[in-house]
Each structure stands twice: as structure tokens, then as C-alpha cells.
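Read the structure below first, then the notes.
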Amino acid sequence: MTGRTVDEITGNRRMRRNRRFDWSQRLVRENTLTVDDLIWPIFLIPGENRREDIAAMPGVQRVTPDLAAKQAEEAAELGIPAIATFPNIDIALRDETGSNVLSADNLINEATRAIKKAVPQIGVITDVALDPFTSHGHDGILRDGVIVNDETVAQLAQAAVLQAEAGADMIAPSDMMDGRIGAIRDALNEAGFSDVGIISYATKYASAFYGPYREAIGTQDLLKGDKRSYYIDPANTDEAVRDAALDVEEGADMLMVKPGLPYLDIVWRLKETFGMPTLAYQVSGEYSMIKAAAHNGWLDGERTMMESLLAFKRAGCDGILTYFALEAAKLLRRP
Ligand code: PBG
């Protein structure tokens, strides 16, 4: 029995014609990753001229503010537009309410000043979430087993003003409290910082992919319970859209989806729905998975890294927070 020929089946269309040459592949390429798409998250420790490895994140270190300024210089030289800072606060300074977030001279603010002094042109994005500051590792104030929303929001808004005073260009609250975007907007405006932007971690999921980050900021042994009462259930999509709609309404300048690769459907949907600048956070667990597989020889680390970053662009991302930022920028710079 003879079936139809391939030309009969495809009606003479052959996808491979455009794929035949390097030049034609380049011509029809729909998405590209550039260094302009990268935001580099860096981890901070107090002190001077000190760095520490993070076991679960090979190649990532915690650094003191002076070295953070050096890292920012390196990033700026490579053309990376912005960095995002995350502090590992001295354990003695952590308490029930995360009060150290309200210190003008805390680690995050000290680092912002050092970075802005060394590299004024690089974007500095800071987080107001309380988890690095609380003795229980939650993003808000914990009372009788409940993360209390409104009191936390008031504190976050104050912290945002201090971060703006220290020189932060954009505040990125990752805590998922209700109403925080509007409250932070009001507080910034009242303090004379109407030009300081807000990047909302609009859709932050209660994810297992954050594991290595908790080692990085030292909350892995502190965290009591989980964050399901304030982060989004990984099963939900419509809820994420409603959550993002509130943040857009409250005045967010950009939206962020977190984690990244497992949630590209959310990136796509937010971009389609709101047409806002949309970022994704390729979180610690995503980084560590690729690093671990590459280390074992199971994946080509470089190619997997670049493919994963390109996937964000395809999904509609305008920017990507990624621990690969420096490595990727170096590759993109290679002639
Ligand atoms: C919490 C926060 C998290 C991350 C950054 N800020 C999540 C968490 O610990 O629950 C995760 C980042 C990463 O995994 O890379 N405000």
C-alpha cells in the first residue's frame, strides 16, 4: 500500500526551507535576548571586604556593601541595566516584627548608598518584604499565628520611604500583602519621591523553588510553617490576574511573575491582559537545578542557561531577574 507523498501531505510546504541556513535562521528569528533584559539579584552581608559562598547556589556569593558596589560596577560595565539587593541580616537584629527594616542605616540601605555612590547610573531595585528581618522568616508581622496584613503594610510603606531616601530607584515589594502597592505609592509621594517607581511582585506563588534563596538569606531554619496564607496557590491562574489587576490599579509601574520558567503561562497572560512592562524572576531553585545538572554533566550548562532566558522573552517578558545575569551578559558580549 502506498500512502500519500510528503508533498501531497504538506501541500508542498516544507518548514525546513527557512531553517536551512544560518542567515535565514537569523532573518526569521522572532525573539532575542540582550543584556538590556537582565536584572542581577545580589545577596548582602554586613561588614567589609567579605564574601561567602552559598552551598545550594554554586557560583553565587553573599557580599559586603563595598563588594556589592564592585559587583555593580562590573554589571554596569557589561551593560546590565539594574541590580536587585537582598540582605542576610545579622541574626541578632531579627525580631518578631522585623523592626530593622525601619532603620535608615540597615544593611540594605547601606548597600544602596555604597552602590549609588560607586555607580550612579545603574538601576537599584530594593525589596521591603520583612522576611530577611523577622525572627520567623515570614514576609509580614506574625501575631497569634497570623501574618497581619494592615499593620505590615504600614511598616512596608515606611521602609519604602527609607529605601528611597538611601537612593533606591525602584521599590519592589515581594511580600504579597493586600493593598501594599497603593500604600507604598502614597507614602513615597508624601515623602517627595513621586518619581521613585514600584515594581510589583504581583503574582508570587507559594513555591518550592525558593529553597536555595532561604539558605542565601538565612531563613531556612527560621521559617515557621509556609507562606500559603498570603502567596498564590500554584494551581491558580485567574486569581493571579485579579491580583495583578489590583496592583495595576494601585499604581504599580511594572509587574513581576515569580517563579519564572514554571510560570511562563502567567507571564503571557499578564502581558496580554495589561500590556504592562512585565518581568519574571528566575528564582534560586531554577538556577540551582540548571547548575546542578550541568555540574553532573547531565546538561550543557551554558546552552541551557541561554535557552531558559530566551524562553522568558518568548513568553512576553521585558526583563528577567536572574542569578545568571553576569554569566549571560558575558556570553552576550562575546563577539
Ligand atoms: C520573600 C522572597 C522570596 C524570594 C525573594 N524574596 C521567597 C521566599 O523566601 O519565600 C525568593 C527568591 C529566590 O528564590 O531566588 N520575600
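Naming scheme: A, B, ... for chains in displayed order of the C-alpha cells; residues 1 onward per chain; ligands 1 onward as shown.
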Set out as a Markdown table a contact list for chain A and ligand 1 with a cut-off of 10 Å, giving each residue of chain A that qualifies its closest atom pair and distance in Å to one decimal, counting only C-alpha atoms and all ligand atoms, ordered by chain and rising residue number.
```
| residue | atom | partner | partner_atom_place_in_ligand_line | distance |
| --- | --- | --- | --- | --- |
| A:Pro41 | CA | ligand 1 | 15 (O) | 8.2 |
| A:Ile42 | CA | ligand 1 | 15 (O) | 9.9 |
| A:Met57 | CA | ligand 1 | 15 (O) | 9.7 |
| A:Thr85 | CA | ligand 1 | 5 (C) | 9.8 |
| A:Phe86 | CA | ligand 1 | 5 (C) | 7.5 |
| A:Pro87 | CA | ligand 1 | 6 (N) | 9.9 |
| A:Asp127 | CA | ligand 1 | 16 (N) | 7.6 |
| A:Val128 | CA | ligand 1 | 16 (N) | 8.0 |
| A:Ala129 | CA | ligand 1 | 16 (N) | 4.9 |
| A:Leu130 | CA | ligand 1 | 16 (N) | 6.8 |
| A:Asp131 | CA | ligand 1 | 16 (N) | 5.6 |
| A:Pro132 | CA | ligand 1 | 16 (N) | 7.7 |
| A:Gly137 | CA | ligand 1 | 9 (O) | 7.9 |
| A:His138 | CA | ligand 1 | 10 (O) | 7.6 |
| A:Asp139 | CA | ligand 1 | 16 (N) | 5.5 |
| A:Gly140 | CA | ligand 1 | 16 (N) | 9.1 |
| A:Ala172 | CA | ligand 1 | 16 (N) | 9.8 |
| A:Pro173 | CA | ligand 1 | 16 (N) | 7.7 |
| A:Ser174 | CA | ligand 1 | 16 (N) | 4.7 |
| A:Asp175 | CA | ligand 1 | 16 (N) | 5.1 |
| A:Met176 | CA | ligand 1 | 16 (N) | 8.3 |
| A:Tyr201 | CA | ligand 1 | 16 (N) | 9.3 |
| A:Lys204 | CA | ligand 1 | 7 (C) | 8.3 |
| A:Tyr205 | CA | ligand 1 | 7 (C) | 8.7 |
| A:Ala206 | CA | ligand 1 | 10 (O) | 7.4 |
| A:Ser207 | CA | ligand 1 | 10 (O) | 7.6 |
| A:Ala208 | CA | ligand 1 | 10 (O) | 8.6 |
| A:Phe209 | CA | ligand 1 | 14 (O) | 6.1 |
| A:Tyr210 | CA | ligand 1 | 14 (O) | 3.4 |
| A:Gly211 | CA | ligand 1 | 14 (O) | 6.3 |
| A:Pro212 | CA | ligand 1 | 14 (O) | 6.3 |
| A:Tyr213 | CA | ligand 1 | 14 (O) | 4.4 |
| A:Arg214 | CA | ligand 1 | 9 (O) | 5.4 |
| A:Glu215 | CA | ligand 1 | 9 (O) | 9.1 |
| A:Ala216 | CA | ligand 1 | 15 (O) | 8.8 |
| A:Ile217 | CA | ligand 1 | 9 (O) | 8.4 |
| A:Gly218 | CA | ligand 1 | 9 (O) | 9.7 |
| A:Thr219 | CA | ligand 1 | 9 (O) | 7.6 |
| A:Gln220 | CA | ligand 1 | 9 (O) | 8.5 |
| A:Leu223 | CA | ligand 1 | 9 (O) | 9.0 |
| A:Asp226 | CA | ligand 1 | 10 (O) | 8.3 |
| A:Lys227 | CA | ligand 1 | 10 (O) | 6.9 |
| A:Arg228 | CA | ligand 1 | 10 (O) | 9.8 |
| A:Tyr231 | CA | ligand 1 | 10 (O) | 8.6 |
| A:Lys258 | CA | ligand 1 | 11 (C) | 8.1 |
| A:Pro259 | CA | ligand 1 | 14 (O) | 7.5 |
| A:Gly260 | CA | ligand 1 | 15 (O) | 9.8 |
| A:Tyr281 | CA | ligand 1 | 15 (O) | 7.3 |
| A:Gln282 | CA | ligand 1 | 15 (O) | 6.8 |
| A:Val283 | CA | ligand 1 | 15 (O) | 3.5 |
| A:Ser284 | CA | ligand 1 | 15 (O) | 3.5 |
| A:Gly285 | CA | ligand 1 | 14 (O) | 6.0 |
| A:Glu286 | CA | ligand 1 | 14 (O) | 8.1 |
| A:Tyr287 | CA | ligand 1 | 15 (O) | 8.1 |
| A:Ser288 | CA | ligand 1 | 15 (O) | 9.6 |
| A:Leu321 | CA | ligand 1 | 15 (O) | 8.8 |
| A:Thr322 | CA | ligand 1 | 15 (O) | 8.1 |
| A:Tyr323 | CA | ligand 1 | 15 (O) | 7.9 |
```
Nearest candidate to Gly47 in chain A (options A:Ile80, A:Asn296, A:Val153, A:Glu110; using only C-alpha atoms): A:Glu110
For CA of Ala75 in chain A and CA of Phe324 in chain A, the interatomic separation in Å (one decimal): 11.6 Å
All residues 8 Å or closer to Met254 in chain A, only C-alpha atoms, same chain fewer than 2 positions away omitted, as a VMD selection string: chain A and resid 198 to 200 252 256 276 to 279
Given the selection you just returned, output its residues as a file containing N, CA and C atoms, formatted as an mmCIF file, in the first residue's frame.
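Done, and the output landed in part.cif:
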```cif
data_model
loop_
_atom_site.group_PDB
_atom_site.id
_atom_site.type_symbol
_atom_site.label_atom_id
_atom_site.label_comp_id
_atom_site.auth_asym_id
_atom_site.auth_seq_id
_atom_site.Cartn_x
_atom_site.Cartn_y
_atom_site.Cartn_z
ATOM 1 N N ILE A 198 7.517 51.653 41.391
ATOM 2 C CA ILE A 198 7.190 50.429 42.130
ATOM 3 C C ILE A 198 7.072 49.268 41.144
ATOM 4 N N ILE A 199 7.877 48.255 41.407
ATOM 5 C CA ILE A 199 7.761 47.008 40.638
ATOM 6 C C ILE A 199 7.010 46.039 41.531
ATOM 7 N N SER A 200 5.826 45.675 41.138
ATOM 8 C CA SER A 200 5.069 44.776 41.992
ATOM 9 C C SER A 200 5.378 43.321 41.682
ATOM 10 N N ALA A 252 1.172 50.286 40.324
ATOM 11 C CA ALA A 252 2.445 49.610 40.005
ATOM 12 C C ALA A 252 2.951 50.085 38.646
ATOM 13 N N MET A 256 5.706 41.810 38.078
ATOM 14 C CA MET A 256 6.662 40.698 38.088
ATOM 15 C C MET A 256 5.943 39.389 38.378
ATOM 16 N N MET A 276 1.487 45.753 30.407
ATOM 17 C CA MET A 276 2.414 46.463 31.294
ATOM 18 C C MET A 276 3.837 45.931 31.074
ATOM 19 N N PRO A 277 4.857 46.742 31.411
ATOM 20 C CA PRO A 277 6.195 46.157 31.475
ATOM 21 C C PRO A 277 6.149 44.969 32.445
ATOM 22 N N THR A 278 6.565 43.826 31.964
ATOM 23 C CA THR A 278 6.393 42.594 32.732
ATOM 24 C C THR A 278 7.740 41.898 32.914
ATOM 25 N N LEU A 279 8.074 41.653 34.162
ATOM 26 C CA LEU A 279 9.334 40.982 34.478
ATOM 27 C C LEU A 279 9.040 39.591 35.023
#
```
Exercise: Ala160 in chain A partners within 7 Å, only C-alpha atoms, chain neighbours under 2 positions left out, as a PyMOL selection string: chain A and resi 128+156-158+162-164+171+184
Residues of range 254-293 of chain A in strand (DSSP E), written as a ChimeraX atom specification: /A:254-258,278-282
Shell around Ala69 in chain A at 9 Å using only C-alpha atoms, local window under 3 positions removed, as a list in words: Thr64, Pro65, Asp66, Ala72, Glu73, Glu74, Ala111, Thr112, Ala114, Ile115, Lys116, Lys117, Ala118 and Val119 of chain A
Nearby residues (only C-alpha atoms) at most 12 Å from Glu272 in chain A, same-chain spacing under 4 positions excluded, as a count of residues only: 11
Contacts of Ile45 in chain A at 8 Å (only C-alpha atoms; same-chain gap of 5+ positions) as number ranges by chain: A: 51, 62-65, 87-90, 107
Preceding selection exported with C-alpha atoms as a PDB file, in the first residue's frame:
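The resulting file, selection.pdb, is reproduced below:
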```
ATOM      1  CA  ARG A  51      32.266  37.216  50.694  1.00  0.00           C
ATOM      2  CA  ARG A  62      26.870  36.945  49.654  1.00  0.00           C
ATOM      3  CA  VAL A  63      28.980  40.085  49.726  1.00  0.00           C
ATOM      4  CA  THR A  64      29.533  43.115  51.932  1.00  0.00           C
ATOM      5  CA  PRO A  65      28.282  46.520  50.689  1.00  0.00           C
ATOM      6  CA  PRO A  87      20.154  41.240  52.653  1.00  0.00           C
ATOM      7  CA  ASN A  88      21.213  38.476  55.006  1.00  0.00           C
ATOM      8  CA  ILE A  89      20.557  40.366  58.221  1.00  0.00           C
ATOM      9  CA  ASP A  90      22.561  39.634  61.364  1.00  0.00           C
ATOM     10  CA  LEU A 107      22.238  46.598  55.552  1.00  0.00           C
TER      11      LEU A 107
END
```
Coordinates-based distance that separates CA of Asn49 in chain A from CA of Asn109 in chain A (Å, one decimal): 17.3 Å
